[in-house]
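Colleague: Structure provided below as structure tokens; questions to follow.
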Amino acid sequence: MAVFEAQHLHKRFGDQVVLEEINLSFEAGQLSGIMGPNGAGKTTCFNVLTGRYKPNRGKVVFEGKDITGLSPEAVVRKGISRSFQIMNLFDDYTALDNVVVALPQVRKRGFDVLHALDGHSETQDRASEILRRVGLAGREGANAKAMSYGERRALEIGVALATEPRILFVDEPTAGLGTEATAQLADLIRELKRSTTIVMIEHDMRFLFGLADQISVIHWGQVIAQGTPEELRGNKWVQRSNLGGLA
Amino acid sequence: MQAMEYDKKQTAAWITPPMLIAFAVFATLPLWIETVGLYEYLAVEVLIWVIFAMGFNLLLGYGGLPSFGHGAFFGIGAYAFGLAQFNVWANLWFCLAAAIFVTAVIGGIAALFLSHRRGIYFALMTIAVGQIFYFIASKWTTVTGGEDGMLNIKRLPVDFGLVEFSIKSNVGLYYLTFGLFVVVTLLLWRLTNSPYGRVLRAMKQNETRVAFIGYSPRLYKWSVFTLSCAIAGLAGGLFAMAQEGAYINIMSLQWSGTIVLIVLIGGGFVSFWGPLLGVIFYFVSRDVLGAYTDTWLLWFGLIFMGLVMFKPDGLAGIWRDYIGGRKAKSEQSGNPATVASGR
């Protein structure tokens with residue numbers, strides 16, 4: 001059953017149409033991949049799905065409810081989270097603090113102006129557990145800006161996970177990662193897949209095809225193909241858009 | 001150590017050692033200020049501006065929101081105090097509450113227009129807002145007295161019901177201001193170390209991410225701007241009593257810029273105490289440098305430029321580096337492992 005759907009999405013910036021007509025549906029418990037060449041509109045699509053941009057036309061539906069045009073914070077509160085292609089961390093905070101501030105229990109106390117945050121060991125424990133999950137155990141006290149690129153990628157996912165999403169959007173997680181770090185990330189995503197519905201944009205086709213249950217190919221602002229990795233390997237549209245070779 | 005990050009024992013406490021030092025210094029200031037060649041009124045002025053600067057630093061240092069129109073809210077507080085005194089009820093607590101309330105309401109309305117802006121657009125909008133209030137104050141002469149100002153604002157007695165204290169003397173006014181400074185400091189310390197403060201600091205670092213972990217940056221900007229205006233209103237009300245009048249010059253762009261400069265010099269970006277250091281430095285420089293030359297502001301400006309170029313974290317940053325350096329040195333000399341390894 002589709003937990004998340006994009007119906008007839010259209011997005012333009014002035015005269016430039018970026019998303020012509022996007023129809024997507026993501027099944028609960030699956031990892032759905034989105035691929036396409038540079039400039040195809042993948043990240044814009046993510047931005048529309050997660051509330052950063054409002055579509056000019058069309059609907060975004062999550063768990064049967066219309067969430068079109070909701071603000072990012074409202075979208076997050078519905079149980080949708082995302083990581084970014086260009087990393088968005090709190091650079092002056094430690095890894096632990098990056099995660100702590102994203103926890104729903106801290107968010108609920110967001111207008112508490114009198115009590116200290118640090119005294120709550122429960123939140124610290126929860127944040128440490130998330131860091132352990134993304135492979136950053138022992139790095140709690142490290143400053144985000146002083147961490148390695150791979151660690152920051154993992155932290156980016158950790159921050160997104162801290163919001164306790166029911167669906168996680170991950171935008172090009174392997175961008176800039178070496179072979180070893182990519183392999184570690186694949187293990188992490190495989191582990192996350194067991195508990196969370198994931199939607200992932202990815203350029204590394206081997207990585208994506210190895211993890212995804214379903215893949216949608218976006219080109220010219222439209223979904224040109226959809227299917228399992230095996231189905232897509234033989235798809236003529238995928239081959240014509242120069243992605244088939246990669247697959 | 002991260003900017004604005006303190007020991008966990010301190011962040012959980014209501015009163016901290018630096019706070020006790022600050023309170024002790026300011027509590028005794030009138031007793032010794034004249035022996036160092038300064039004067040009592042300067043102490044009053046410093047403490048009022050410390051309140052203003054600490055409130056302003058909520059915006060700049062914690063929220064990363066550069067307001068270049070905050071002098072307007074300081075002025076609105078002063079006018080509101082005077083108007084409440086002349087037209088409603090000449091009671092100190094009522095007039096101070098009116099100054100806080102009116103400034104918070106006006107600040108809250110202004111914040112509705114500012115809270116969806118960021119960066120340079122936010123800064124420019126605050127200039128526009130400050131100038132709007134400045135011109136309203138200058139033209140609405142029947143209410144504000146225009147260029148002549150609102151004169152004869154009284155230093156109202158401190159009324160505790162059964163007991164009443166006069167604050168007509170500078171020392172009396174100083175101790176009222178000191179009491180309020182203590183309250184403001186305690187509340188701001190708690191606020192800046194609360195979940196709310198943590199979100200503010202997160203917003204300063206990455207507003208986009210704050211939204212994508214479920215907080216509304218707009219709501220936080222609106223609330224912190226309003227709160228900062230309320231504190232400016234309190235300081236403005238006290239300043240109206242100190243000057244025994246409310247004058248338009250304080251609402252000018254120059255004074256709005258001065259509070260930014262004070263906070264930056266003090267190190268508001270790296271320390272809770274930065275604004276306090278900045279205010280002391282500014283007012284003492286004004287009086288000491290001013291005793292030697294009329295162009296003291298030029299020299300002060302050069303000092304500011306030097307700090308921005310070589311020590312952008314301001315006085316608090318210099319202190320932090322000094323303490324950090326000493327700590328590192330003592331660790332190096334006291335740690336047998338490092339000595340043995342020759343590090």
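In the structure tokens, each chain is lettered A, B, ... as it comes, each chain's residues begin at 1, and ligands are numbered from 1 in order of appearance.
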Taking a cut-off of 12 Å and counting only C-alpha atoms, can you build a table that, for each residue of stretch 39-61 of chain A near stretch 191-202 of chain A, reports the nearest atom pair and how far apart they are in Å (one decimal), sorted by chain then residue number, as CSV?

Modeller:
```
residue,atom,partner,partner_atom,distance
A:Ala40,CA,A:Ile201,CA,11.5
A:Gly41,CA,A:Ile201,CA,10.8
A:Lys42,CA,A:Ile201,CA,7.1
A:Thr43,CA,A:Ile201,CA,7.8
A:Thr44,CA,A:Ile201,CA,11.1
A:Cys45,CA,A:Ile201,CA,10.0
A:Phe46,CA,A:Ile201,CA,8.5
A:Asn47,CA,A:Ile201,CA,11.8
A:Leu49,CA,A:Val199,CA,10.7
A:Thr50,CA,A:Val199,CA,11.4
```

Colleague: List the spatial neighbours of A:Asn23 as an MDAnalysis selection string - criterion: any atom at most 6 Å away, only C-alpha atoms, same-chain residues fewer than 6 positions off excluded.

Modeller: chainID A and resid 6:8

Colleague: At a cut-off of 10 Å, list the chain A residues touching chain B, using only C-alpha atoms, as a PyMOL selection string.

Modeller: chain A and resi 50-52+71-84+87-94+97-104+106-119+143+159-164

Colleague: Take the residues that were just selected and, keeping N, CA and C atoms, output them as a compact mmCIF listing (two decimals), in the first residue's frame.

Modeller:
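again27.txt, freshly written:
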```txt
# COMPACT_ATOMS: atom_id res chain seq x y z
N THR A 50 8.89 17.58 0.44
CA THR A 50 9.17 17.79 1.86
C THR A 50 8.85 19.22 2.33
N GLY A 51 8.14 19.97 1.52
CA GLY A 51 7.61 21.25 1.99
C GLY A 51 8.47 22.47 1.74
N ARG A 52 9.63 22.26 1.12
CA ARG A 52 10.48 23.44 0.89
C ARG A 52 9.88 24.35 -0.17
N SER A 71 4.36 23.78 5.45
CA SER A 71 5.73 24.26 5.70
C SER A 71 6.62 23.07 6.06
N PRO A 72 7.94 23.22 5.91
CA PRO A 72 8.83 22.11 6.27
C PRO A 72 8.61 21.62 7.70
N GLU A 73 8.43 22.56 8.64
CA GLU A 73 8.28 22.13 10.04
C GLU A 73 7.00 21.33 10.25
N ALA A 74 5.95 21.72 9.51
CA ALA A 74 4.69 20.97 9.62
C ALA A 74 4.84 19.58 9.00
N VAL A 75 5.58 19.52 7.91
CA VAL A 75 5.82 18.24 7.24
C VAL A 75 6.60 17.30 8.17
N VAL A 76 7.62 17.86 8.83
CA VAL A 76 8.42 17.04 9.77
C VAL A 76 7.53 16.50 10.88
N ARG A 77 6.66 17.33 11.39
CA ARG A 77 5.80 16.90 12.49
C ARG A 77 4.81 15.81 12.06
N LYS A 78 4.57 15.73 10.77
CA LYS A 78 3.69 14.65 10.27
C LYS A 78 4.42 13.31 10.24
N GLY A 79 5.77 13.36 10.40
CA GLY A 79 6.52 12.10 10.39
C GLY A 79 7.36 11.90 9.14
N ILE A 80 7.73 13.04 8.52
CA ILE A 80 8.54 12.97 7.29
C ILE A 80 9.84 13.72 7.56
N SER A 81 10.95 13.11 7.23
CA SER A 81 12.21 13.81 7.47
C SER A 81 13.10 13.66 6.24
N ARG A 82 14.14 14.48 6.19
CA ARG A 82 15.01 14.40 5.03
C ARG A 82 16.45 14.76 5.38
N SER A 83 17.36 14.25 4.57
CA SER A 83 18.74 14.71 4.64
C SER A 83 19.00 15.46 3.34
N PHE A 84 20.09 16.21 3.32
CA PHE A 84 20.34 17.10 2.19
C PHE A 84 21.57 16.69 1.40
N MET A 87 25.31 19.44 2.77
CA MET A 87 25.03 19.15 4.18
C MET A 87 24.52 20.34 4.97
N ASN A 88 23.52 20.06 5.75
CA ASN A 88 22.88 21.07 6.59
C ASN A 88 22.98 20.63 8.04
N LEU A 89 24.09 20.98 8.67
CA LEU A 89 24.29 20.61 10.07
C LEU A 89 24.43 21.86 10.92
N PHE A 90 24.42 21.68 12.23
CA PHE A 90 24.71 22.79 13.14
C PHE A 90 26.20 22.69 13.46
N ASP A 91 26.98 23.45 12.69
CA ASP A 91 28.43 23.25 12.71
C ASP A 91 29.09 23.57 14.05
N ASP A 92 28.52 24.48 14.81
CA ASP A 92 29.15 24.83 16.10
C ASP A 92 28.74 23.87 17.21
N TYR A 93 27.79 23.01 16.94
CA TYR A 93 27.36 22.05 17.95
C TYR A 93 28.16 20.76 17.84
N THR A 94 28.18 20.04 18.93
CA THR A 94 28.79 18.71 18.88
C THR A 94 27.84 17.78 18.13
N ASP A 97 24.82 17.22 20.27
CA ASP A 97 23.88 18.34 20.30
C ASP A 97 23.10 18.47 19.00
N ASN A 98 23.75 18.14 17.88
CA ASN A 98 23.04 18.15 16.59
C ASN A 98 21.83 17.24 16.64
N VAL A 99 22.02 16.08 17.27
CA VAL A 99 20.95 15.10 17.33
C VAL A 99 19.94 15.48 18.42
N VAL A 100 20.46 15.92 19.57
CA VAL A 100 19.57 16.26 20.69
C VAL A 100 18.51 17.28 20.27
N VAL A 101 18.95 18.32 19.58
CA VAL A 101 18.02 19.41 19.25
C VAL A 101 16.93 18.95 18.27
N ALA A 102 17.22 17.84 17.58
CA ALA A 102 16.23 17.35 16.60
C ALA A 102 15.24 16.35 17.20
N LEU A 103 15.48 15.94 18.44
CA LEU A 103 14.59 14.93 19.05
C LEU A 103 13.19 15.52 19.32
N PRO A 104 12.15 14.75 19.05
CA PRO A 104 10.79 15.26 19.29
C PRO A 104 10.55 15.69 20.75
N VAL A 106 12.63 17.03 22.74
CA VAL A 106 13.23 18.36 22.94
C VAL A 106 12.38 19.40 22.21
N ARG A 107 11.90 19.03 21.04
CA ARG A 107 11.04 19.95 20.27
C ARG A 107 9.78 20.30 21.06
N LYS A 108 9.24 19.31 21.77
CA LYS A 108 8.05 19.58 22.57
C LYS A 108 8.33 20.61 23.66
N ARG A 109 9.59 20.66 24.09
CA ARG A 109 9.97 21.63 25.13
C ARG A 109 10.60 22.87 24.52
N GLY A 110 10.36 23.09 23.24
CA GLY A 110 11.04 24.17 22.51
C GLY A 110 10.79 25.55 23.06
N PHE A 111 9.69 25.73 23.77
CA PHE A 111 9.43 27.06 24.35
C PHE A 111 9.59 27.05 25.87
N ASP A 112 10.23 26.01 26.38
CA ASP A 112 10.60 26.00 27.80
C ASP A 112 11.80 26.93 27.94
N VAL A 113 11.61 27.99 28.71
CA VAL A 113 12.68 28.99 28.79
C VAL A 113 13.39 28.98 30.15
N LEU A 114 12.99 28.09 31.03
CA LEU A 114 13.56 28.14 32.38
C LEU A 114 14.43 26.94 32.74
N HIS A 115 14.15 25.79 32.15
CA HIS A 115 14.85 24.60 32.60
C HIS A 115 16.02 24.24 31.67
N ALA A 116 17.05 23.70 32.29
CA ALA A 116 18.24 23.34 31.49
C ALA A 116 17.94 22.12 30.64
N LEU A 117 18.55 22.09 29.48
CA LEU A 117 18.38 20.94 28.59
C LEU A 117 19.33 19.82 28.98
N ASP A 118 20.49 20.23 29.48
CA ASP A 118 21.57 19.27 29.70
C ASP A 118 21.29 18.26 30.81
N GLY A 119 20.41 18.61 31.73
CA GLY A 119 20.17 17.74 32.87
C GLY A 119 19.42 16.47 32.52
N ASN A 143 33.04 18.19 17.50
CA ASN A 143 32.36 19.31 16.87
C ASN A 143 31.98 18.95 15.44
N VAL A 159 20.72 13.20 12.19
CA VAL A 159 19.86 14.34 12.55
C VAL A 159 18.45 14.12 11.97
N ALA A 160 18.42 13.65 10.73
CA ALA A 160 17.11 13.37 10.11
C ALA A 160 16.38 12.26 10.87
N LEU A 161 17.12 11.24 11.28
CA LEU A 161 16.52 10.12 12.02
C LEU A 161 16.01 10.54 13.40
N ALA A 162 16.70 11.53 13.99
CA ALA A 162 16.35 11.97 15.34
C ALA A 162 14.92 12.49 15.42
N THR A 163 14.39 12.95 14.30
CA THR A 163 13.01 13.47 14.32
C THR A 163 11.98 12.33 14.35
N GLU A 164 12.49 11.09 14.36
CA GLU A 164 11.66 9.89 14.40
C GLU A 164 10.65 9.83 13.24
```

Colleague: Near stretch 148-156 of chain A, within 10 Å and counting only C-alpha atoms, which residues show up once chain neighbours fewer than 6 positions away are dropped, as an MDAnalysis selection string?

Modeller: chainID A and resid 82:91 95:96 98:99 130:131 133:136 139 170 172:178 180:182 184:185 188

Colleague: Could those residues be written to a file, using N, CA, C and O atoms, as a compact mmCIF listing (two decimals), in the first residue's frame?

Modeller:
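File written: result.txt
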```txt
# COMPACT_ATOMS: atom_id res chain seq x y z
N ARG A 82 14.14 14.48 6.19
CA ARG A 82 15.01 14.40 5.03
C ARG A 82 16.45 14.76 5.38
O ARG A 82 16.72 15.46 6.36
N SER A 83 17.36 14.25 4.57
CA SER A 83 18.74 14.71 4.64
C SER A 83 19.00 15.46 3.34
O SER A 83 18.22 15.35 2.39
N PHE A 84 20.09 16.21 3.32
CA PHE A 84 20.34 17.10 2.19
C PHE A 84 21.57 16.69 1.40
O PHE A 84 22.52 16.12 1.94
N GLN A 85 21.53 17.04 0.12
CA GLN A 85 22.67 16.79 -0.74
C GLN A 85 23.86 17.65 -0.29
O GLN A 85 24.97 17.18 -0.12
N ILE A 86 23.57 18.96 -0.09
CA ILE A 86 24.58 19.85 0.50
C ILE A 86 24.31 19.85 1.99
O ILE A 86 23.21 20.20 2.42
N MET A 87 25.31 19.44 2.77
CA MET A 87 25.03 19.15 4.18
C MET A 87 24.52 20.34 4.97
O MET A 87 25.02 21.45 4.84
N ASN A 88 23.52 20.06 5.75
CA ASN A 88 22.88 21.07 6.59
C ASN A 88 22.98 20.63 8.04
O ASN A 88 22.08 20.01 8.58
N LEU A 89 24.09 20.98 8.67
CA LEU A 89 24.29 20.61 10.07
C LEU A 89 24.43 21.86 10.92
O LEU A 89 24.56 22.97 10.39
N PHE A 90 24.42 21.68 12.23
CA PHE A 90 24.71 22.79 13.14
C PHE A 90 26.20 22.69 13.46
O PHE A 90 26.61 21.96 14.35
N ASP A 91 26.98 23.45 12.69
CA ASP A 91 28.43 23.25 12.71
C ASP A 91 29.09 23.57 14.05
O ASP A 91 30.14 23.00 14.36
N ALA A 95 28.35 16.61 17.78
CA ALA A 95 27.50 15.62 17.10
C ALA A 95 26.28 15.33 17.97
O ALA A 95 25.14 15.26 17.48
N LEU A 96 26.52 15.18 19.28
CA LEU A 96 25.42 14.86 20.19
C LEU A 96 24.37 15.97 20.19
O LEU A 96 23.17 15.70 20.09
N ASN A 98 23.75 18.14 17.88
CA ASN A 98 23.04 18.15 16.59
C ASN A 98 21.83 17.24 16.64
O ASN A 98 20.76 17.57 16.14
N VAL A 99 22.02 16.08 17.27
CA VAL A 99 20.95 15.10 17.33
C VAL A 99 19.94 15.48 18.42
O VAL A 99 18.72 15.40 18.21
N ILE A 130 21.16 7.05 18.72
CA ILE A 130 21.05 7.37 17.28
C ILE A 130 22.44 7.49 16.66
O ILE A 130 22.68 6.99 15.56
N LEU A 131 23.34 8.13 17.38
CA LEU A 131 24.71 8.26 16.86
C LEU A 131 25.36 6.89 16.68
O LEU A 131 26.07 6.64 15.71
N ARG A 133 23.78 4.19 16.07
CA ARG A 133 23.11 3.56 14.93
C ARG A 133 23.70 3.99 13.59
O ARG A 133 23.78 3.21 12.66
N VAL A 134 24.10 5.26 13.52
CA VAL A 134 24.66 5.74 12.24
C VAL A 134 26.18 5.61 12.20
O VAL A 134 26.85 6.19 11.35
N GLY A 135 26.72 4.88 13.15
CA GLY A 135 28.15 4.58 13.13
C GLY A 135 29.02 5.65 13.74
O GLY A 135 30.20 5.75 13.43
N LEU A 136 28.44 6.48 14.60
CA LEU A 136 29.23 7.55 15.21
C LEU A 136 29.39 7.37 16.72
O LEU A 136 29.53 8.35 17.44
N ARG A 139 31.79 9.44 19.11
CA ARG A 139 32.05 10.76 18.51
C ARG A 139 31.07 11.81 19.03
O ARG A 139 30.94 12.88 18.44
N VAL A 170 16.28 10.79 1.51
CA VAL A 170 17.73 10.94 1.57
C VAL A 170 18.22 11.41 0.20
O VAL A 170 18.01 10.73 -0.80
N GLU A 172 21.04 12.12 -2.29
CA GLU A 172 22.42 11.81 -2.71
C GLU A 172 23.37 11.58 -1.54
O GLU A 172 24.34 12.33 -1.35
N PRO A 173 23.13 10.55 -0.76
CA PRO A 173 23.95 10.35 0.44
C PRO A 173 25.41 10.00 0.14
O PRO A 173 26.27 10.23 0.98
N THR A 174 25.68 9.46 -1.06
CA THR A 174 27.08 9.04 -1.32
C THR A 174 27.90 10.16 -1.95
O THR A 174 29.10 9.96 -2.20
N ALA A 175 27.27 11.32 -2.22
CA ALA A 175 28.00 12.40 -2.90
C ALA A 175 29.29 12.72 -2.15
O ALA A 175 29.26 13.05 -0.96
N GLY A 176 30.40 12.60 -2.84
CA GLY A 176 31.70 12.96 -2.26
C GLY A 176 32.33 11.89 -1.38
O GLY A 176 33.39 12.12 -0.81
N LEU A 177 31.70 10.75 -1.27
CA LEU A 177 32.25 9.70 -0.39
C LEU A 177 33.18 8.76 -1.15
O LEU A 177 32.96 8.47 -2.33
N GLY A 178 34.20 8.26 -0.46
CA GLY A 178 35.10 7.27 -1.04
C GLY A 178 34.46 5.89 -1.00
O GLY A 178 33.36 5.71 -0.46
N GLU A 180 35.18 3.09 0.66
CA GLU A 180 34.97 2.50 1.97
C GLU A 180 33.78 3.15 2.68
O GLU A 180 32.91 2.45 3.23
N ALA A 181 33.74 4.47 2.62
CA ALA A 181 32.65 5.20 3.29
C ALA A 181 31.32 4.87 2.61
O ALA A 181 30.28 4.76 3.28
N THR A 182 31.33 4.69 1.29
CA THR A 182 30.11 4.33 0.58
C THR A 182 29.61 2.96 1.02
O THR A 182 28.41 2.75 1.23
N GLN A 184 30.16 1.57 3.92
CA GLN A 184 29.63 1.73 5.29
C GLN A 184 28.22 2.32 5.25
O GLN A 184 27.33 1.91 5.98
N LEU A 185 28.05 3.31 4.35
CA LEU A 185 26.75 3.96 4.23
C LEU A 185 25.70 2.96 3.72
O LEU A 185 24.55 2.97 4.18
N LEU A 188 24.56 1.02 6.56
CA LEU A 188 23.68 1.83 7.42
C LEU A 188 22.27 1.90 6.82
O LEU A 188 21.27 1.67 7.51
```

Colleague: Residues at most 9 Å from B:Leu234, counting only C-alpha atoms, excluding those fewer than 6 positions away in the same chain, as a short mmCIF file (atom, residue, chain, number, x, y, z; two decimals) with N, CA, C and O atoms, in the first residue's frame?

Modeller:
```
data_model
loop_
_atom_site.label_atom_id
_atom_site.label_comp_id
_atom_site.auth_asym_id
_atom_site.auth_seq_id
_atom_site.Cartn_x
_atom_site.Cartn_y
_atom_site.Cartn_z
N ILE B 48 22.12 50.45 32.95
CA ILE B 48 20.95 50.48 32.07
C ILE B 48 21.32 49.92 30.70
O ILE B 48 20.60 49.11 30.11
N ILE B 51 21.65 46.17 30.62
CA ILE B 51 20.35 45.50 30.47
C ILE B 51 19.93 45.51 29.00
O ILE B 51 19.54 44.48 28.43
N PHE B 52 20.04 46.69 28.38
CA PHE B 52 19.67 46.83 26.97
C PHE B 52 20.52 45.89 26.10
O PHE B 52 20.00 45.15 25.25
N PHE B 74 14.36 51.04 22.43
CA PHE B 74 14.86 51.65 23.67
C PHE B 74 14.12 52.99 23.87
O PHE B 74 13.64 53.30 24.96
N GLY B 77 10.42 52.61 24.80
CA GLY B 77 10.31 52.31 26.23
C GLY B 77 10.36 53.58 27.07
O GLY B 77 9.58 53.75 28.02
N ALA B 78 11.26 54.48 26.68
CA ALA B 78 11.41 55.74 27.42
C ALA B 78 10.14 56.58 27.29
O ALA B 78 9.60 57.12 28.28
N PHE B 81 7.22 55.03 29.20
CA PHE B 81 7.34 55.27 30.64
C PHE B 81 6.82 56.67 30.98
O PHE B 81 6.04 56.85 31.92
N LEU B 96 7.01 51.11 34.67
CA LEU B 96 7.99 50.19 34.08
C LEU B 96 7.29 49.06 33.32
O LEU B 96 7.70 48.68 32.22
N ALA B 97 6.19 48.56 33.93
CA ALA B 97 5.43 47.50 33.24
C ALA B 97 4.87 48.04 31.93
O ALA B 97 4.87 47.33 30.91
N ALA B 98 4.41 49.29 31.94
CA ALA B 98 3.87 49.90 30.71
C ALA B 98 4.96 50.01 29.65
O ALA B 98 4.73 49.73 28.47
N ALA B 99 6.15 50.43 30.10
CA ALA B 99 7.27 50.57 29.15
C ALA B 99 7.58 49.21 28.50
O ALA B 99 7.77 49.12 27.29
N ILE B 100 7.59 48.16 29.34
CA ILE B 100 7.89 46.82 28.82
C ILE B 100 6.77 46.36 27.88
O ILE B 100 7.02 45.90 26.76
N PHE B 101 5.53 46.52 28.34
CA PHE B 101 4.39 46.02 27.58
C PHE B 101 4.25 46.73 26.23
O PHE B 101 4.11 46.08 25.18
N THR B 103 6.43 48.45 24.52
CA THR B 103 7.54 48.16 23.61
C THR B 103 7.43 46.73 23.05
O THR B 103 7.70 46.50 21.87
#
```

Colleague: Using only C-alpha atoms, which residues sit within 12 Å of B:Thr258 once same-chain residues fewer than 2 positions away are excluded, as a PyMOL selection string?

Modeller: chain B and resi 49+52-53+56+67-71+250-256+260-265+275+278-279+282-283+297+300-301+304

Colleague: For B:Val224, find every residue with an atom within 8 Å (counting only C-alpha atoms), except residues of its own chain fewer than 5 positions away, and show them as a PyMOL selection string.

Modeller: chain B and resi 58-59+63

Colleague: Looking only at the backbone, which of the residues in stretch 45-192 of chain A does DSSP tag as helix (DSSP H, G or I), as a ChimeraX atom specification?

Modeller: /A:45-49,72-77,95-100,104-108,121-133,144-146,149-162,179-192
